[in-house]
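For reference, entry.txt is printed below; it contains compact mmCIF, C-alpha atoms.
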# COMPACT_ATOMS: atom_id res chain seq x y z
CA MET A 1 8.76 -36.86 16.49
CA SER A 2 9.11 -33.10 15.95
CA SER A 3 6.92 -31.36 13.38
CA ILE A 4 9.44 -28.52 12.93
CA GLU A 5 10.77 -27.89 9.42
CA TRP A 6 14.01 -25.87 9.46
CA LEU A 7 14.47 -23.50 6.52
CA GLU A 8 17.70 -21.88 7.69
CA GLU A 9 19.98 -21.62 10.73
CA PRO A 10 18.82 -18.52 12.66
CA HIS A 11 21.95 -17.54 14.74
CA LEU A 12 20.17 -15.55 17.45
CA LEU A 13 21.55 -12.99 19.90
CA ASP A 14 19.81 -12.77 23.31
CA PRO A 15 16.43 -13.52 21.70
CA VAL A 16 13.01 -12.56 23.02
CA ALA A 17 9.84 -14.00 21.45
CA ILE A 18 6.30 -12.83 20.77
CA VAL A 19 3.45 -15.12 19.78
CA GLY A 20 0.20 -14.35 17.99
CA PHE A 21 -2.46 -16.71 16.65
CA GLU A 22 -5.34 -16.05 14.30
CA GLY A 23 -8.72 -17.38 15.36
CA TRP A 24 -10.66 -17.37 18.63
CA ASN A 25 -7.95 -15.43 20.49
CA ASP A 26 -7.73 -12.70 17.85
CA ALA A 27 -10.77 -10.41 17.84
CA SER A 28 -10.56 -7.86 15.00
CA ASP A 29 -7.20 -9.39 13.97
CA ALA A 30 -5.61 -7.18 16.63
CA ALA A 31 -3.09 -9.69 18.00
CA SER A 32 -2.06 -11.37 14.76
CA GLY A 33 -1.95 -7.86 13.31
CA VAL A 34 1.01 -7.05 15.58
CA ALA A 35 2.98 -10.04 14.30
CA GLU A 36 2.04 -9.39 10.68
CA TYR A 37 2.96 -5.70 10.95
CA LEU A 38 6.42 -6.49 12.35
CA ILE A 39 7.04 -9.19 9.73
CA ASP A 40 5.92 -6.91 6.88
CA GLN A 41 8.02 -4.00 8.14
CA ALA A 42 11.13 -6.18 8.33
CA GLU A 43 10.33 -7.98 5.04
CA VAL A 44 11.50 -11.32 6.41
CA GLN A 45 10.68 -14.93 5.60
CA PRO A 46 10.30 -17.70 8.21
CA PHE A 47 13.43 -19.52 9.30
CA ALA A 48 11.33 -22.48 10.46
CA ARG A 49 7.78 -23.82 10.21
CA LEU A 50 5.72 -26.09 12.39
CA ASP A 51 3.88 -28.59 10.19
CA MET A 52 0.21 -28.51 11.23
CA GLU A 53 -0.76 -31.89 9.73
CA GLN A 54 -1.59 -33.49 13.10
CA TYR A 55 -3.06 -30.32 14.61
CA VAL A 56 -5.48 -29.08 11.94
CA ASN A 57 -8.90 -30.22 10.72
CA TYR A 58 -8.60 -29.35 7.03
CA GLN A 59 -12.37 -29.20 6.62
CA MET A 60 -12.32 -26.25 9.03
CA SER A 61 -9.07 -24.64 7.84
CA ARG A 62 -8.59 -25.59 4.23
CA PRO A 63 -5.32 -25.32 2.28
CA HIS A 64 -5.18 -22.65 -0.43
CA VAL A 65 -4.35 -23.10 -4.10
CA LEU A 66 -1.92 -20.51 -5.48
CA ILE A 67 -0.78 -19.87 -9.03
CA ALA A 68 3.02 -19.68 -9.31
CA GLU A 69 5.39 -19.51 -12.28
CA THR A 70 5.87 -23.25 -12.01
CA GLY A 71 2.13 -23.96 -11.89
CA ARG A 72 -0.49 -24.48 -9.21
CA VAL A 73 0.84 -24.74 -5.66
CA ILE A 74 -0.93 -25.92 -2.51
CA HIS A 75 -0.29 -23.68 0.49
CA TRP A 76 -0.86 -25.63 3.71
CA PRO A 77 -1.65 -24.08 7.11
CA SER A 78 1.48 -23.71 9.20
CA THR A 79 2.92 -21.85 12.16
CA GLY A 80 5.91 -19.76 11.16
CA PHE A 81 8.98 -18.64 13.13
CA PHE A 82 10.48 -15.34 11.97
CA ARG A 83 13.69 -13.56 13.04
CA LEU A 84 13.82 -9.77 13.35
CA THR A 85 16.73 -7.64 14.54
CA LEU A 86 15.99 -4.93 17.11
CA GLN A 87 18.18 -2.13 15.82
CA ASP A 88 18.66 -0.24 19.08
CA SER A 89 20.09 -3.25 20.93
CA GLY A 90 21.14 -5.71 18.24
CA ARG A 91 19.25 -8.51 19.97
CA HIS A 92 16.82 -10.64 18.03
CA LEU A 93 13.05 -10.88 18.17
CA VAL A 94 11.49 -14.22 17.30
CA VAL A 95 7.95 -13.75 15.98
CA VAL A 96 5.69 -16.80 16.05
CA LEU A 97 2.56 -16.52 13.89
CA GLY A 98 -0.03 -19.10 12.90
CA ASP A 99 -3.62 -20.28 13.17
CA GLU A 100 -5.09 -21.66 16.36
CA PRO A 101 -4.89 -25.47 16.04
CA HIS A 102 -8.01 -27.62 16.16
CA LEU A 103 -6.45 -30.75 17.66
CA ARG A 104 -3.86 -31.96 20.20
CA TRP A 105 -3.25 -28.66 21.92
CA GLN A 106 -0.94 -30.12 24.56
CA GLY A 107 1.30 -31.63 21.92
CA PHE A 108 1.23 -28.40 19.92
CA THR A 109 2.19 -26.23 22.89
CA SER A 110 4.96 -28.68 23.84
CA GLU A 111 6.47 -28.26 20.37
CA ILE A 112 6.35 -24.45 20.66
CA VAL A 113 7.88 -24.51 24.15
CA ASP A 114 10.65 -26.91 23.10
CA MET A 115 11.38 -24.84 19.99
CA LEU A 116 11.71 -21.57 21.90
CA SER A 117 13.81 -23.21 24.59
CA GLY A 118 16.14 -24.65 21.97
CA LEU A 119 16.54 -21.20 20.41
CA GLY A 120 17.73 -19.79 23.72
CA VAL A 121 14.61 -17.72 24.34
CA THR A 122 13.85 -17.02 28.01
CA THR A 123 11.31 -14.18 27.67
CA VAL A 124 8.05 -14.58 25.75
CA VAL A 125 5.08 -12.24 25.25
CA THR A 126 1.85 -13.83 24.04
CA LEU A 127 -0.76 -11.57 22.44
CA GLY A 128 -4.54 -11.82 22.27
CA ALA A 129 -7.68 -9.78 21.75
CA PHE A 130 -11.27 -10.24 22.86
CA ILE A 131 -14.63 -8.66 22.14
CA GLY A 132 -15.72 -6.26 24.87
CA GLN A 133 -18.45 -3.77 25.54
CA VAL A 134 -16.07 -0.87 24.99
CA PRO A 135 -16.31 2.26 22.79
CA HIS A 136 -13.89 2.97 19.96
CA THR A 137 -13.57 6.59 21.09
CA LEU A 138 -11.58 5.83 24.25
CA PRO A 139 -8.07 4.36 24.63
CA VAL A 140 -7.98 0.61 24.02
CA PRO A 141 -8.05 -1.28 27.36
CA ILE A 142 -5.16 -3.73 27.71
CA PHE A 143 -5.41 -6.64 30.11
CA GLY A 144 -2.47 -8.78 31.08
CA ASP A 145 -0.63 -11.15 33.33
CA ALA A 146 3.11 -11.50 33.88
CA ALA A 147 5.50 -13.85 35.62
CA GLU A 148 7.73 -10.91 36.57
CA PRO A 149 6.39 -9.27 39.76
CA GLY A 150 5.13 -5.74 39.24
CA LEU A 151 5.44 -5.82 35.44
CA THR A 152 1.72 -5.37 34.77
CA ASP A 153 1.71 -2.26 36.98
CA ARG A 154 4.73 -0.81 35.17
CA LEU A 155 3.10 -1.49 31.81
CA GLY A 156 -0.12 0.18 32.89
CA VAL A 157 -2.29 -2.83 32.04
CA ILE A 158 -5.30 -4.19 33.88
CA GLN A 159 -4.51 -7.38 35.79
CA SER A 160 -6.56 -10.17 34.24
CA ASN A 161 -8.88 -12.10 36.56
CA TYR A 162 -10.66 -14.00 33.78
CA GLU A 163 -11.99 -17.48 34.45
CA GLY A 164 -13.70 -19.57 31.79
CA PRO A 165 -13.06 -21.15 28.38
CA THR A 166 -9.65 -20.34 26.95
CA GLY A 167 -7.87 -20.53 23.62
CA ILE A 168 -4.43 -21.60 22.50
CA VAL A 169 -2.90 -18.32 23.73
CA GLY A 170 -3.99 -19.06 27.30
CA VAL A 171 -2.87 -22.68 27.08
CA LEU A 172 0.54 -21.72 25.67
CA HIS A 173 1.04 -18.93 28.21
CA SER A 174 0.41 -21.39 31.05
CA ALA A 175 2.78 -23.95 29.51
CA LEU A 176 5.51 -21.32 29.12
CA ARG A 177 5.24 -20.30 32.76
CA ASP A 178 5.31 -23.93 33.88
CA ALA A 179 8.47 -24.41 31.82
CA GLY A 180 10.22 -21.53 33.58
CA PHE A 181 9.99 -18.82 30.93
CA SER A 182 9.49 -15.19 31.88
CA ALA A 183 6.07 -15.14 30.22
CA THR A 184 3.80 -12.13 29.80
CA THR A 185 0.41 -12.07 28.11
CA LEU A 186 -1.24 -8.92 26.76
CA TRP A 187 -4.86 -8.75 25.61
CA ALA A 188 -6.71 -5.90 23.90
CA ALA A 189 -10.45 -5.35 24.35
CA VAL A 190 -12.06 -4.35 21.04
CA PRO A 191 -15.53 -2.87 20.45
CA HIS A 192 -18.08 -5.57 19.78
CA TYR A 193 -19.82 -3.44 17.14
CA LEU A 194 -16.59 -3.30 15.08
CA ALA A 195 -15.46 -6.86 15.72
CA ALA A 196 -16.02 -8.03 12.13
CA ASN A 197 -13.37 -5.60 10.88
CA PRO A 198 -9.62 -5.34 11.53
CA ASN A 199 -8.90 -2.83 14.30
CA PRO A 200 -5.50 -1.16 13.78
CA LYS A 201 -6.06 1.00 16.86
CA ALA A 202 -6.06 -2.11 19.03
CA THR A 203 -3.05 -3.47 17.14
CA LEU A 204 -1.15 -0.22 17.71
CA THR A 205 -1.94 -0.23 21.43
CA LEU A 206 -0.81 -3.84 21.79
CA LEU A 207 2.40 -3.04 19.91
CA GLU A 208 3.14 -0.06 22.15
CA HIS A 209 2.65 -2.18 25.28
CA LEU A 210 4.77 -4.94 23.77
CA GLY A 211 7.56 -2.42 23.21
CA ARG A 212 7.46 -1.37 26.84
CA ALA A 213 7.44 -5.00 27.97
CA ILE A 214 10.65 -5.84 26.09
CA GLY A 215 12.30 -2.41 26.25
CA HIS A 216 12.14 -1.46 22.58
CA ASN A 217 10.55 1.41 20.63
CA PHE A 218 8.97 0.04 17.46
CA ASP A 219 8.48 2.12 14.33
CA VAL A 220 4.71 2.61 14.23
CA GLU A 221 4.46 5.34 11.58
CA ASN A 222 2.70 3.19 8.98
CA LEU A 223 0.37 1.75 11.60
CA ILE A 224 -0.60 5.24 12.75
CA THR A 225 -1.70 5.98 9.18
CA GLU A 226 -3.89 2.87 9.23
CA VAL A 227 -5.43 4.01 12.53
CA GLU A 228 -6.26 7.41 11.05
CA ASP A 229 -8.00 5.78 8.08
CA PHE A 230 -9.87 3.41 10.41
CA GLU A 231 -11.10 6.25 12.62
CA HIS A 232 -12.17 8.20 9.54
CA HIS A 233 -14.32 5.29 8.33
CA VAL A 234 -15.92 4.86 11.75
CA ALA A 235 -16.61 8.60 12.00
CA GLU A 236 -18.35 8.47 8.61
CA ALA A 237 -20.47 5.57 9.84
CA MET A 238 -21.46 7.57 12.92
CA ASP A 239 -22.25 10.73 10.97
CA GLY A 240 -25.98 11.22 10.76
CA SER A 241 -26.80 8.18 12.90
CA SER A 242 -28.21 9.42 16.18
CA ASP A 243 -28.69 5.83 17.38
CA PHE A 244 -25.03 5.02 16.81
CA ILE A 245 -23.87 8.22 18.51
CA GLU A 246 -26.10 7.64 21.53
CA TYR A 247 -25.01 4.02 21.81
CA VAL A 248 -21.33 4.99 21.84
CA ARG A 249 -22.04 7.64 24.48
CA GLN A 250 -23.67 5.01 26.67
CA LEU A 251 -20.57 2.85 26.36
CA GLU A 252 -18.35 5.82 27.21
CA SER A 253 -20.35 6.55 30.34
CA SER A 254 -20.04 2.95 31.56
CA ALA A 255 -16.40 2.46 30.56
CA ASP A 256 -15.31 1.94 34.17
CA LYS A 257 -17.79 -0.91 34.71
CA PRO A 258 -16.89 -4.60 34.22
CA MET A 259 -16.85 -5.53 30.55
CA VAL A 260 -19.01 -8.31 29.19
CA GLU A 261 -19.76 -9.41 25.67
CA ALA A 262 -22.58 -7.24 24.40
CA ARG A 263 -25.98 -8.74 23.72
CA GLU A 264 -27.85 -5.58 22.79
CA GLY A 265 -28.08 -3.43 19.71
CA GLU A 266 -27.55 -6.31 17.28
CA GLN A 267 -29.38 -4.60 14.41
CA LEU A 268 -27.32 -1.43 14.87
CA VAL A 269 -24.12 -3.48 15.01
CA GLN A 270 -25.01 -5.19 11.71
CA GLU A 271 -25.65 -1.83 10.03
CA ILE A 272 -22.27 -0.50 11.19
CA GLU A 273 -20.43 -3.63 10.06
CA ASN A 274 -22.09 -3.52 6.64
CA TYR A 275 -21.16 0.13 6.20
CA LEU A 276 -17.50 -0.44 7.05
CA LYS A 277 -17.28 -3.45 4.73
CA ASP A 278 -18.78 -1.43 1.87
CA SER A 279 -16.25 1.35 2.56
CA ASP A 280 -13.20 -0.93 2.10

Target encoding structure tokens, full file:
Amino acid sequence: MSSIEWLEEPHLLDPVAIVGFEGWNDASDAASGVAEYLIDQAEVQPFARLDMEQYVNYQMSRPHVLIAETGRVIHWPSTGFFRLTLQDSGRHLVVVLGDEPHLRWQGFTSEIVDMLSGLGVTTVVTLGAFIGQVPHTLPVPIFGDAAEPGLTDRLGVIQSNYEGPTGIVGVLHSALRDAGFSATTLWAAVPHYLAANPNPKATLTLLEHLGRAIGHNFDVENLITEVEDFEHHVAEAMDGSSDFIEYVRQLESSADKPMVEAREGEQLVQEIENYLKDSD
């Protein structure tokens, strides 16, 4: 039985889809930030929702109580499907946004795959972000994998050779490819010492690569402003901290080496995170 709740009939033209999930796949909210930015810019509501009742442990992801004009309302976790119109081509972009499920991942991915197939989608870009030993001062590294031969080279992304534990983005990407979709995945590496804070620079870089992948130029003006504010806060945190400055320089000098999750400088990282939180 499908868990999809239809809110309206979408009527899509040559749709392409992007998918972002909050949680383990979403360091610094960089991937979900792309989906949220596009939804906010278009000011759209979901045309369908995937009921998460059988996929969520509510002790780990609790529903929220909201105060509405009619009284108190329970807002349950869900995965939303949003329709945006790409103005330069008239085609539609389906944005899928939700939380990483806790349970029954194979059933969950099957519902997403069936939904996108039923909507007439043939091209899907999944988005993710991970914590890396990278400096904030250099361009954000983007890793990826694509079903279309040569696409990663044309996008200028680093071909992913990751092996190990994966999240729902990796599981869904594999399921999409197995189902015959033209599936691309793009992942941003974000600085480990800023991982507790949203990183609009990584979101912007993902969005730019997404645009190239689907052949569309997104309006990023508001996001650029967020990046400028973000960089200003980080620069203030660095100012007067010789340890921070030296640490970033070390990362810059080793930027071409394989990235691993950092295990050093934990006290410095905590000081930086506390400063940025206090600056919000």

Under the rule of at most 12 Å, produce a per-residue listing of region 193-248 of chain A near region 31-50 of chain A: chain, number, name, the closest pair of atoms, and the distance in Å, as a Markdown table, using all atoms listed in the file.
| residue | atom | partner | partner_atom | distance |
| --- | --- | --- | --- | --- |
| A:Asn197 | CA | A:Gly33 | CA | 11.9 |
| A:Pro198 | CA | A:Gly33 | CA | 8.3 |
| A:Asn199 | CA | A:Gly33 | CA | 8.6 |
| A:Pro200 | CA | A:Gly33 | CA | 7.6 |
| A:Lys201 | CA | A:Gly33 | CA | 10.4 |
| A:Ala202 | CA | A:Ala31 | CA | 8.2 |
| A:Thr203 | CA | A:Val34 | CA | 5.6 |
| A:Leu204 | CA | A:Val34 | CA | 7.5 |
| A:Thr205 | CA | A:Val34 | CA | 9.5 |
| A:Leu206 | CA | A:Val34 | CA | 7.2 |
| A:Leu207 | CA | A:Val34 | CA | 6.1 |
| A:Glu208 | CA | A:Val34 | CA | 9.8 |
| A:His209 | CA | A:Val34 | CA | 11.0 |
| A:Leu210 | CA | A:Val34 | CA | 9.3 |
| A:Gly211 | CA | A:Val34 | CA | 11.1 |
| A:Phe218 | CA | A:Leu38 | CA | 8.7 |
| A:Asp219 | CA | A:Gln41 | CA | 8.7 |
| A:Val220 | CA | A:Tyr37 | CA | 9.1 |
| A:Glu221 | CA | A:Gln41 | CA | 10.6 |
| A:Asn222 | CA | A:Gln41 | CA | 9.0 |
| A:Leu223 | CA | A:Tyr37 | CA | 7.9 |
| A:Ile224 | CA | A:Tyr37 | CA | 11.6 |
| A:Glu226 | CA | A:Tyr37 | CA | 11.1 |

Name the residues in contact with Asp88 (chain A) at a cut-off of 12 Å, using all atoms listed in the file, excluding same-chain residues fewer than 3 positions from it; report them as a PyMOL selection string.
chain A and resi 85+91-92+215-219

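Here CA of Val234 (chain A) stands at a distance of 26.8 Å from CA of Gly156 (chain A).
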
What does the structure give for the distance between CA of Thr123 (chain A) and CA of Pro149 (chain A), in Å to one decimal?
13.9 Å

Per residue of region 124-173 of chain A within 12 Å of region 106-109 of chain A, which atom pair is closest and at what distance in Å (one decimal), using all atoms listed in the file, listed by chain and increasing number, as a tab-separated table?
residue	atom	partner	partner_atom	distance
A:Gly167	CA	A:Thr109	CA	11.6
A:Ile168	CA	A:Thr109	CA	8.1
A:Val169	CA	A:Thr109	CA	9.4
A:Gly170	CA	A:Thr109	CA	10.4
A:Val171	CA	A:Thr109	CA	7.5
A:Leu172	CA	A:Thr109	CA	5.5
A:His173	CA	A:Thr109	CA	9.1

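Of the listed residues (A:Ser182, A:Val94, A:Asp29, A:Gly132), A:Asp29 comes nearest to Ala196 (chain A); the distances count all atoms listed in the file.
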
May I ask which of the residues A:Val113, A:Val125, A:Ala213, A:Leu138 is the closest one to Glu231 (chain A), counting all atoms listed in the file?
A:Leu138
